[in-house]
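A.B. asks: Below is the structure I would like to discuss, written out as structure tokens.
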Amino acid sequence: MCGIVGFVNTKDRKEEIVTSMMDRIVHRGPNSSGSYVDKHVALGFRRLSIIDLEGGTQPIYNEDRTKIIIFNGEIYNYQPLREELIQAGHVFTTHADTEVLLHGYEEWGTDILQKVRGMFAFVIWDTEKEELFGARDFFGIKPFYYAEMNGTFMFGSEIKSFLPHPDFNKELNKDALKPYMTFQYSPLNGETFFKGVHRLQEGHYFIYKDGKMTIKEYWDANFEQKENKTKEEWIQAIDEAVQGSIAAHKISDVEVGSFLSSGVDSSYVASVLRPDHSFSIGFDDKTYNEAIEARKLTKMLELDNTAAVIDGDMSFKAFPLIQYHLDEPDSNPSCVPLYFLANLAAQSVRVVQSGEGADELFAGYQTYGFHTNSKAIRVLAQGLKKLPKGTRYSLGRKIGKMKNFHGRIHLYESLAPAKEYFIGHAKVFDEKESVDFLQPDYAKGPSVAEIMAPHFAKTEAIQDEVNKMQYVDVHQWMPKDILLKADKLSMASSLELRVPLLDVELMRLAQQIPSKYLLNQNNTKDIFRQAANRHLPEEWSNRVKLGFPVPIKVWLKEDHGYQQVRELFEADFAKEFFNQEKIMQLLNDHRDGKREEQRKIWTIFSFLTWYKVFFIDEEIPTTETIEYEVV
């Protein structure tokens, strides 16, 4: 796990500039650094040593030094590919997985991307062609940003690496704020909160030559082909695939630990991996504590576990630094415990496995259509799904317009077309409501429908509505929220986070499973849970998904939390974006118990914190050494 930066131009001072860019992401690679500079390009690399600890320093060159690579990520099947390339005549100078990409590109061109299994973002500079080739992994586990400004093409693992470049124009993208208010993260298809800065989309590669960038898709999820297997056969196939993926993700020359919450996904990973160290985090909240619940499981499985408790004061102190590391504002409350969890783990290990991806691959979210505890309603909905599509859609729309009754949402979302209501798993502000809170200049961004349309357009051939929602999540919610915070907040503590449940081989299996085995009257990700049940106590495999329960509702009613938020809401710069009277009323109504508005307040607070860090203070936030209360 590392960080990469670079740029293409014909200007001077390349070595000085690329060094400054590398320094901005030293947290991604504190062990060493390396660079390559010629009259056309500058490449920079920060290394967190995981594989080939002594010999894997980058950049790495091919045999005649005409091609140079910098790489962030892990290739889990690099060893057989290495042997194949050696048989083809390639000469390796390291034992690192990086070099497989370089020689693989020499041997197979862009088809190397069809052969690898892993998480990655990399670029290869061809000195003979004066051409840059780069790619991002299948799901977008590893980040890759680029911008073309003032005669320079620049790229990097994090947007903040662009800040020291003299050709970078730091400007807020006004179109990003309105949709963020609804989605809780930066949802635009391409451009980010920084004007002119783009993400390379997941499953895509690019070639940059003669000032022109060409982008092509090399992989996409395909839910159209279903396999005919029994329920038991699927359970067996899932368990074998999960165990195989966890084994593949263990490849490392350093110890691999695991995150552990009270949910089925990370518990499944930990129970199969059986690491020497697992890590959990919780809050000093009397109603539910993830750390204590996770500790119960590790005692049952006889695993070592380090669990700690954090509080609101610690969270508010760290929050500017959290938003700094994210690069773009994200109001997902789980960002807070994830930051502390990674920091806790990094004190003992350099690599962890985590449970991200299972909900998207195996339909684990309640928003896929699981909104009632009534077994009778769930059975009814499952039966109505068998109706012809036109009849089913018509019935779903009628139910959606009815007065509310128990089970209405469950029936509606089980029957209506997904594209009419589904945007993912966070809807904070209604789109019209967000406009009321925003100043006119910031209320003009793309609509929710415009953002979602390209994704749903690719689902026309998919028959099942649950599969359509899964496909949309693979390209929206997962890379722009879940995976972004997983990468940025683990790397903030120089920790490599691996996601064995989000693996291209596991995806090839998951997309073939009929959705009736995934989401039905019994549960969400039903047969995945049953596969996990082979390794876990039954009460664990059937638990309701909670994510990271974060007590922001309580924090915002306490004096300290209330004052922290009020200070930003009343700041002079806040009125550039928001109607200050309305956001203060929102905050006061919540404190006074008139309404529960914690998610809306946190979304505004997250943006203002992020903006203050990058556009007002313009310096890296600092925080005190964290002292954990271990439980």
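Residue names in the structure tokens use chain letters A, B, ... in the order shown, residue numbers from 1 in each chain, and ligand numbers from 1 in the order shown.
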Please give the complete set of residues from segment 2-156 of chain A that DSSP, run on the backbone, assigns to helix (DSSP H, G or I), formatted as a ChimeraX atom specification.

C.D. replies: /A:14-24,26-28,78-87,98-114

A.B. asks: Give me, as number ranges by chain, all polymer residues having an atom no more than 6 Å from Val197 of chain A, counting only C-alpha atoms and skipping those fewer than 6 positions away in the same chain.

C.D. replies: A: 146-147, 191

A.B. asks: With N, CA and C atoms retained, export the selected residues as a PDB file, in the first residue's frame.

C.D. replies:
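Now in selection-v5.pdb:
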ATOM      1  N   TYR A 146      -7.143  13.042 -11.220  1.00  0.00           N
ATOM      2  CA  TYR A 146      -6.340  13.722 -12.235  1.00  0.00           C
ATOM      3  C   TYR A 146      -6.935  15.095 -12.534  1.00  0.00           C
ATOM      4  N   ALA A 147      -6.096  15.959 -13.083  1.00  0.00           N
ATOM      5  CA  ALA A 147      -6.527  17.303 -13.471  1.00  0.00           C
ATOM      6  C   ALA A 147      -5.623  17.799 -14.582  1.00  0.00           C
ATOM      7  N   GLU A 191     -16.245  14.685 -11.893  1.00  0.00           N
ATOM      8  CA  GLU A 191     -15.652  15.824 -11.197  1.00  0.00           C
ATOM      9  C   GLU A 191     -15.890  15.732  -9.694  1.00  0.00           C
TER      10      GLU A 191
END

A.B. asks: Nearest residue to Asp313 of chain A out of A:Asp38, A:Asp572, A:Glu567, A:Glu558, using only C-alpha atoms?

C.D. replies: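 Smallest distance to Asp313 of chain A is found for A:Glu558.
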
A.B. asks: Which polymer residues have any atom within 10 Å of an atom of Lys129 of chain A, counting only C-alpha atoms, with same-chain residues fewer than 3 positions away left out, as an MDAnalysis selection string?

C.D. replies: chainID A and resid 66:67 125:126 132 209:210

A.B. asks: Which polymer residues have any atom within 9 Å of an atom of Pro549 of chain A, counting only C-alpha atoms, with same-chain residues fewer than 5 positions away left out, as a compact mmCIF listing (two decimals) with C-alpha atoms, in the first residue's frame?

C.D. replies:
# COMPACT_ATOMS: atom_id res chain seq x y z
CA GLY A 282 -16.97 1.59 20.37
CA PHE A 283 -18.48 4.67 21.99
CA TYR A 288 -25.01 -0.12 22.39
CA ASN A 289 -21.28 -0.54 22.25
CA GLU A 290 -19.69 -2.23 19.20
CA PRO A 333 -21.08 9.11 10.69
CA SER A 334 -19.00 5.94 10.44
CA PRO A 337 -15.07 5.39 14.41

A.B. asks: Can you tell me which residues surround Gln58 of chain A at a distance of at most 9 Å, considering only C-alpha atoms, apart from same-chain residues fewer than 6 positions away, and format the answer as a list in words?

C.D. replies: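 In the requested form, the answer reads Ser33, Gly34, Ser35, Gly44, Phe45, Arg46, Arg47, Ile68, Ile69, Ile70, Phe71 and Thr98 of chain A.
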
A.B. asks: Could you please determine the separation between atom CA of Gly445 of chain A and atom CA of Glu433 of chain A in Å, to one decimal place?

C.D. replies: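 Atom-to-atom, atom CA of Gly445 of chain A to atom CA of Glu433 of chain A, that is 13.9 Å.
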
A.B. asks: Go through A:Gly424, A:Gly118, A:Gly151, A:Pro440 and flag the residue nearest Tyr368 of chain A, using only C-alpha atoms for the distances.

C.D. replies: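 The answer is A:Gly424, which sits nearest to Tyr368 of chain A.
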
A.B. asks: Using only C-alpha atoms, which residues sit within 9 Å of segment 515-524 of chain A once same-chain residues fewer than 6 positions away are excluded, as a CSV table (one decimal) with all heavy atoms, in the first residue's frame?

C.D. replies:
chain,number,residue,atom,x,y,z
A,231,LYS,N,-30.1,-24.2,-3.2
A,231,LYS,CA,-29.7,-23.3,-2.2
A,231,LYS,C,-28.4,-23.8,-1.5
A,231,LYS,O,-27.5,-23.0,-1.2
A,231,LYS,CB,-30.8,-23.2,-1.2
A,231,LYS,CG,-30.6,-22.3,0.0
A,231,LYS,CD,-31.8,-22.2,0.9
A,231,LYS,CE,-31.5,-21.4,2.1
A,231,LYS,NZ,-32.7,-21.4,3.0
A,234,TRP,N,-25.3,-23.2,-3.5
A,234,TRP,CA,-24.9,-21.8,-3.5
A,234,TRP,C,-24.1,-21.5,-2.1
A,234,TRP,O,-23.1,-20.8,-2.1
A,234,TRP,CB,-26.1,-20.8,-3.6
A,234,TRP,CG,-26.5,-20.7,-5.0
A,234,TRP,CD1,-27.8,-20.9,-5.5
A,234,TRP,CD2,-25.8,-20.2,-6.1
A,234,TRP,NE1,-27.8,-20.6,-6.9
A,234,TRP,CE2,-26.6,-20.2,-7.3
A,234,TRP,CE3,-24.4,-19.8,-6.3
A,234,TRP,CZ2,-26.2,-19.8,-8.5
A,234,TRP,CZ3,-24.0,-19.4,-7.5
A,234,TRP,CH2,-24.9,-19.4,-8.6
A,359,ASP,N,-22.3,-6.4,1.5
A,359,ASP,CA,-23.7,-5.9,1.3
A,359,ASP,C,-24.0,-5.6,-0.1
A,359,ASP,O,-25.1,-5.8,-0.6
A,359,ASP,CB,-23.9,-4.6,2.2
A,359,ASP,CG,-23.9,-5.0,3.6
A,359,ASP,OD1,-24.6,-5.9,4.0
A,359,ASP,OD2,-23.2,-4.3,4.4
A,362,PHE,N,-23.9,-9.2,-2.1
A,362,PHE,CA,-24.9,-10.2,-1.7
A,362,PHE,C,-26.2,-9.6,-1.2
A,362,PHE,O,-27.0,-10.3,-0.5
A,362,PHE,CB,-24.3,-11.1,-0.6
A,362,PHE,CG,-23.1,-11.9,-1.1
A,362,PHE,CD1,-21.8,-11.5,-0.9
A,362,PHE,CD2,-23.3,-13.1,-1.9
A,362,PHE,CE1,-20.7,-12.2,-1.4
A,362,PHE,CE2,-22.2,-13.8,-2.4
A,362,PHE,CZ,-20.9,-13.3,-2.1
A,363,ALA,N,-26.5,-8.4,-1.5
A,363,ALA,CA,-27.8,-7.7,-1.2
A,363,ALA,C,-28.1,-7.7,0.3
A,363,ALA,O,-29.0,-8.2,0.8
A,363,ALA,CB,-28.9,-8.4,-1.9
A,364,GLY,N,-27.2,-7.0,1.0
A,364,GLY,CA,-27.3,-6.9,2.5
A,364,GLY,C,-28.0,-5.7,3.0
A,364,GLY,O,-28.3,-5.7,4.2
A,365,TYR,N,-28.4,-4.7,2.2
A,365,TYR,CA,-29.0,-3.5,2.7
A,365,TYR,C,-30.5,-3.6,2.8
A,365,TYR,O,-31.1,-4.2,1.9
A,365,TYR,CB,-28.6,-2.3,1.8
A,365,TYR,CG,-27.2,-2.0,1.8
A,365,TYR,CD1,-26.3,-2.2,0.7
A,365,TYR,CD2,-26.6,-1.4,3.0
A,365,TYR,CE1,-25.0,-1.8,0.7
A,365,TYR,CE2,-25.2,-1.0,3.0
A,365,TYR,CZ,-24.5,-1.2,1.9
A,365,TYR,OH,-23.1,-0.9,1.9
A,366,GLN,N,-31.0,-3.1,3.9
A,366,GLN,CA,-32.5,-3.0,4.0
A,366,GLN,C,-33.1,-2.2,2.9
A,366,GLN,O,-34.3,-2.5,2.6
A,366,GLN,CB,-32.9,-2.5,5.4
A,366,GLN,CG,-32.5,-3.5,6.5
A,366,GLN,CD,-32.9,-3.0,7.9
A,366,GLN,OE1,-33.1,-1.8,8.1
A,366,GLN,NE2,-33.0,-3.9,8.8
A,368,TYR,N,-32.7,-2.3,-0.1
A,368,TYR,CA,-33.0,-3.2,-1.3
A,368,TYR,C,-34.4,-3.7,-1.2
A,368,TYR,O,-34.9,-4.4,-2.1
A,368,TYR,CB,-32.0,-4.3,-1.4
A,368,TYR,CG,-30.6,-3.9,-1.8
A,368,TYR,CD1,-29.5,-4.7,-1.4
A,368,TYR,CD2,-30.3,-2.8,-2.6
A,368,TYR,CE1,-28.2,-4.4,-1.8
A,368,TYR,CE2,-29.1,-2.5,-2.9
A,368,TYR,CZ,-28.0,-3.3,-2.5
A,368,TYR,OH,-26.7,-2.9,-2.9
A,369,GLY,N,-35.1,-3.5,-0.1
A,369,GLY,CA,-36.5,-3.9,0.0
A,369,GLY,C,-36.7,-4.8,1.2
A,369,GLY,O,-37.3,-5.9,1.1
A,370,PHE,N,-36.3,-4.4,2.4
A,370,PHE,CA,-36.5,-5.2,3.6
A,370,PHE,C,-36.8,-4.3,4.8
A,370,PHE,O,-35.9,-3.9,5.5
A,370,PHE,CB,-35.3,-6.1,3.9
A,370,PHE,CG,-35.5,-7.2,4.8
A,370,PHE,CD1,-35.9,-8.5,4.3
A,370,PHE,CD2,-35.3,-7.1,6.2
A,370,PHE,CE1,-36.1,-9.6,5.1
A,370,PHE,CE2,-35.5,-8.2,7.0
A,370,PHE,CZ,-35.9,-9.4,6.5
A,375,LYS,N,-43.2,-11.1,9.4
A,375,LYS,CA,-42.9,-12.2,8.5
A,375,LYS,C,-44.1,-12.4,7.4
A,375,LYS,O,-43.8,-12.7,6.3
A,375,LYS,CB,-42.8,-13.5,9.3
A,375,LYS,CG,-42.4,-14.8,8.5
A,375,LYS,CD,-40.9,-14.6,8.0
A,375,LYS,CE,-40.4,-15.9,7.3
A,375,LYS,NZ,-40.2,-17.0,8.2
A,376,ALA,N,-45.3,-12.1,7.8
A,376,ALA,CA,-46.4,-12.3,6.9
A,376,ALA,C,-46.3,-11.3,5.7
A,376,ALA,O,-46.5,-11.7,4.6
A,376,ALA,CB,-47.8,-12.0,7.6
A,377,ILE,N,-45.9,-10.0,6.0
A,377,ILE,CA,-45.7,-9.0,5.0
A,377,ILE,C,-44.6,-9.4,4.1
A,377,ILE,O,-44.6,-9.3,2.9
A,377,ILE,CB,-45.6,-7.6,5.6
A,377,ILE,CG1,-46.9,-7.2,6.2
A,377,ILE,CG2,-45.1,-6.6,4.5
A,377,ILE,CD1,-46.8,-5.9,7.0
A,378,ARG,N,-43.5,-9.9,4.7
A,378,ARG,CA,-42.3,-10.3,3.9
A,378,ARG,C,-42.7,-11.5,3.0
A,378,ARG,O,-42.2,-11.5,1.8
A,378,ARG,CB,-41.2,-10.7,4.8
A,378,ARG,CG,-40.7,-9.5,5.7
A,378,ARG,CD,-39.3,-9.7,6.2
A,378,ARG,NE,-39.1,-10.9,6.9
A,378,ARG,CZ,-38.8,-11.0,8.2
A,378,ARG,NH1,-38.9,-9.9,9.0
A,378,ARG,NH2,-38.6,-12.2,8.8
A,379,VAL,N,-43.5,-12.4,3.4
A,379,VAL,CA,-43.9,-13.6,2.6
A,379,VAL,C,-44.8,-13.1,1.5
A,379,VAL,O,-44.6,-13.5,0.3
A,379,VAL,CB,-44.6,-14.6,3.5
A,379,VAL,CG1,-45.2,-15.7,2.6
A,379,VAL,CG2,-43.6,-15.3,4.4
A,380,LEU,N,-45.7,-12.2,1.8
A,380,LEU,CA,-46.6,-11.6,0.8
A,380,LEU,C,-45.8,-10.9,-0.3
A,380,LEU,O,-46.0,-11.1,-1.5
A,380,LEU,CB,-47.6,-10.6,1.4
A,380,LEU,CG,-48.5,-9.8,0.5
A,380,LEU,CD1,-49.4,-10.8,-0.3
A,380,LEU,CD2,-49.3,-8.8,1.2
A,381,ALA,N,-44.8,-10.1,0.1
A,381,ALA,CA,-44.0,-9.3,-0.9
A,381,ALA,C,-43.2,-10.3,-1.8
A,381,ALA,O,-43.1,-10.1,-3.0
A,381,ALA,CB,-43.1,-8.4,-0.1
A,382,GLN,N,-42.7,-11.3,-1.2
A,382,GLN,CA,-41.9,-12.3,-2.0
A,382,GLN,C,-42.8,-13.0,-3.0
A,382,GLN,O,-42.4,-13.2,-4.1
A,382,GLN,CB,-41.3,-13.3,-1.0
A,382,GLN,CG,-40.2,-14.2,-1.7
A,382,GLN,CD,-38.9,-13.4,-2.0
A,382,GLN,OE1,-38.7,-12.3,-1.6
A,382,GLN,NE2,-38.1,-14.0,-2.9
A,464,ASP,N,-33.9,-8.3,-12.8
A,464,ASP,CA,-34.3,-8.2,-11.4
A,464,ASP,C,-34.0,-6.9,-10.8
A,464,ASP,O,-32.9,-6.3,-11.0
A,464,ASP,CB,-33.5,-9.3,-10.6
A,464,ASP,CG,-34.0,-9.5,-9.2
A,464,ASP,OD1,-33.5,-8.7,-8.3
A,464,ASP,OD2,-34.8,-10.4,-9.0
A,465,GLU,N,-35.0,-6.3,-10.0
A,465,GLU,CA,-34.8,-5.0,-9.4
A,465,GLU,C,-33.7,-5.0,-8.4
A,465,GLU,O,-33.0,-3.9,-8.2
A,465,GLU,CB,-36.2,-4.5,-8.9
A,465,GLU,CG,-37.3,-4.3,-9.9
A,465,GLU,CD,-36.9,-3.3,-11.0
A,465,GLU,OE1,-36.4,-2.2,-10.6
A,465,GLU,OE2,-37.1,-3.6,-12.1
A,466,VAL,N,-33.6,-6.0,-7.6
A,466,VAL,CA,-32.5,-6.1,-6.6
A,466,VAL,C,-31.2,-6.0,-7.3
A,466,VAL,O,-30.3,-5.3,-6.8
A,466,VAL,CB,-32.7,-7.3,-5.7
A,466,VAL,CG1,-31.4,-7.5,-4.8
A,466,VAL,CG2,-33.9,-7.3,-4.9
A,467,ASN,N,-31.0,-6.7,-8.3
A,467,ASN,CA,-29.7,-6.7,-9.1
A,467,ASN,C,-29.5,-5.3,-9.6
A,467,ASN,O,-28.3,-4.9,-9.7
A,467,ASN,CB,-29.7,-7.7,-10.2
A,467,ASN,CG,-29.7,-9.2,-9.8
A,467,ASN,OD1,-30.1,-10.1,-10.5
A,467,ASN,ND2,-29.2,-9.4,-8.5
A,542,ASN,N,-27.1,-13.9,11.9
A,542,ASN,CA,-28.4,-13.4,11.6
A,542,ASN,C,-28.6,-12.0,12.1
A,542,ASN,O,-29.8,-11.5,12.2
A,542,ASN,CB,-29.5,-14.3,12.1
A,542,ASN,CG,-29.6,-15.6,11.2
A,542,ASN,OD1,-29.5,-15.5,10.0
A,542,ASN,ND2,-29.7,-16.7,11.8
A,544,VAL,N,-29.0,-8.0,12.5
A,544,VAL,CA,-29.4,-6.9,11.7
A,544,VAL,C,-28.2,-6.0,11.5
A,544,VAL,O,-27.4,-5.7,12.4
A,544,VAL,CB,-30.5,-6.1,12.3
A,544,VAL,CG1,-30.9,-4.9,11.5
A,544,VAL,CG2,-31.8,-7.0,12.5

A.B. asks: Excluding Glu627 of chain A and any residue of its chain fewer than 3 positions from it, enumerate the residues within 12 Å of it, using only C-alpha atoms, and give them as an NGL selection string.

C.D. replies: :A and (308-311 or 314 or 340 or 343-344 or 347 or 623-624 or 630)

A.B. asks: Work out how far apart atom CA of Phe162 of chain A and atom CA of Val613 of chain A are and give it in Å to one decimal.

C.D. replies: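 Atom CA of Val613 of chain A lies at a distance of 15.4 Å from atom CA of Phe162 of chain A.
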
A.B. asks: When distances are computed from only C-alpha atoms, which of A:Val352, A:Met119, A:Ile25, A:Leu177 shows the smallest separation from Phe577 of chain A?

C.D. replies: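 Going through A:Val352, A:Met119, A:Ile25, A:Leu177 one by one, the smallest distance to Phe577 of chain A is for A:Leu177.
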
A.B. asks: How would you write, as a list in words, the set of residues in segment 378-587 of chain A that DSSP gives as strand (DSSP E or B)?

C.D. replies: Leu438, Glu496, Leu497, Arg498 and Phe578 of chain A

A.B. asks: Report, in Å to a single decimal, how far apart atom CA of Ile86 of chain A and atom CA of Phe133 of chain A are.

C.D. replies: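 These atoms are spaced 22.5 Å apart.
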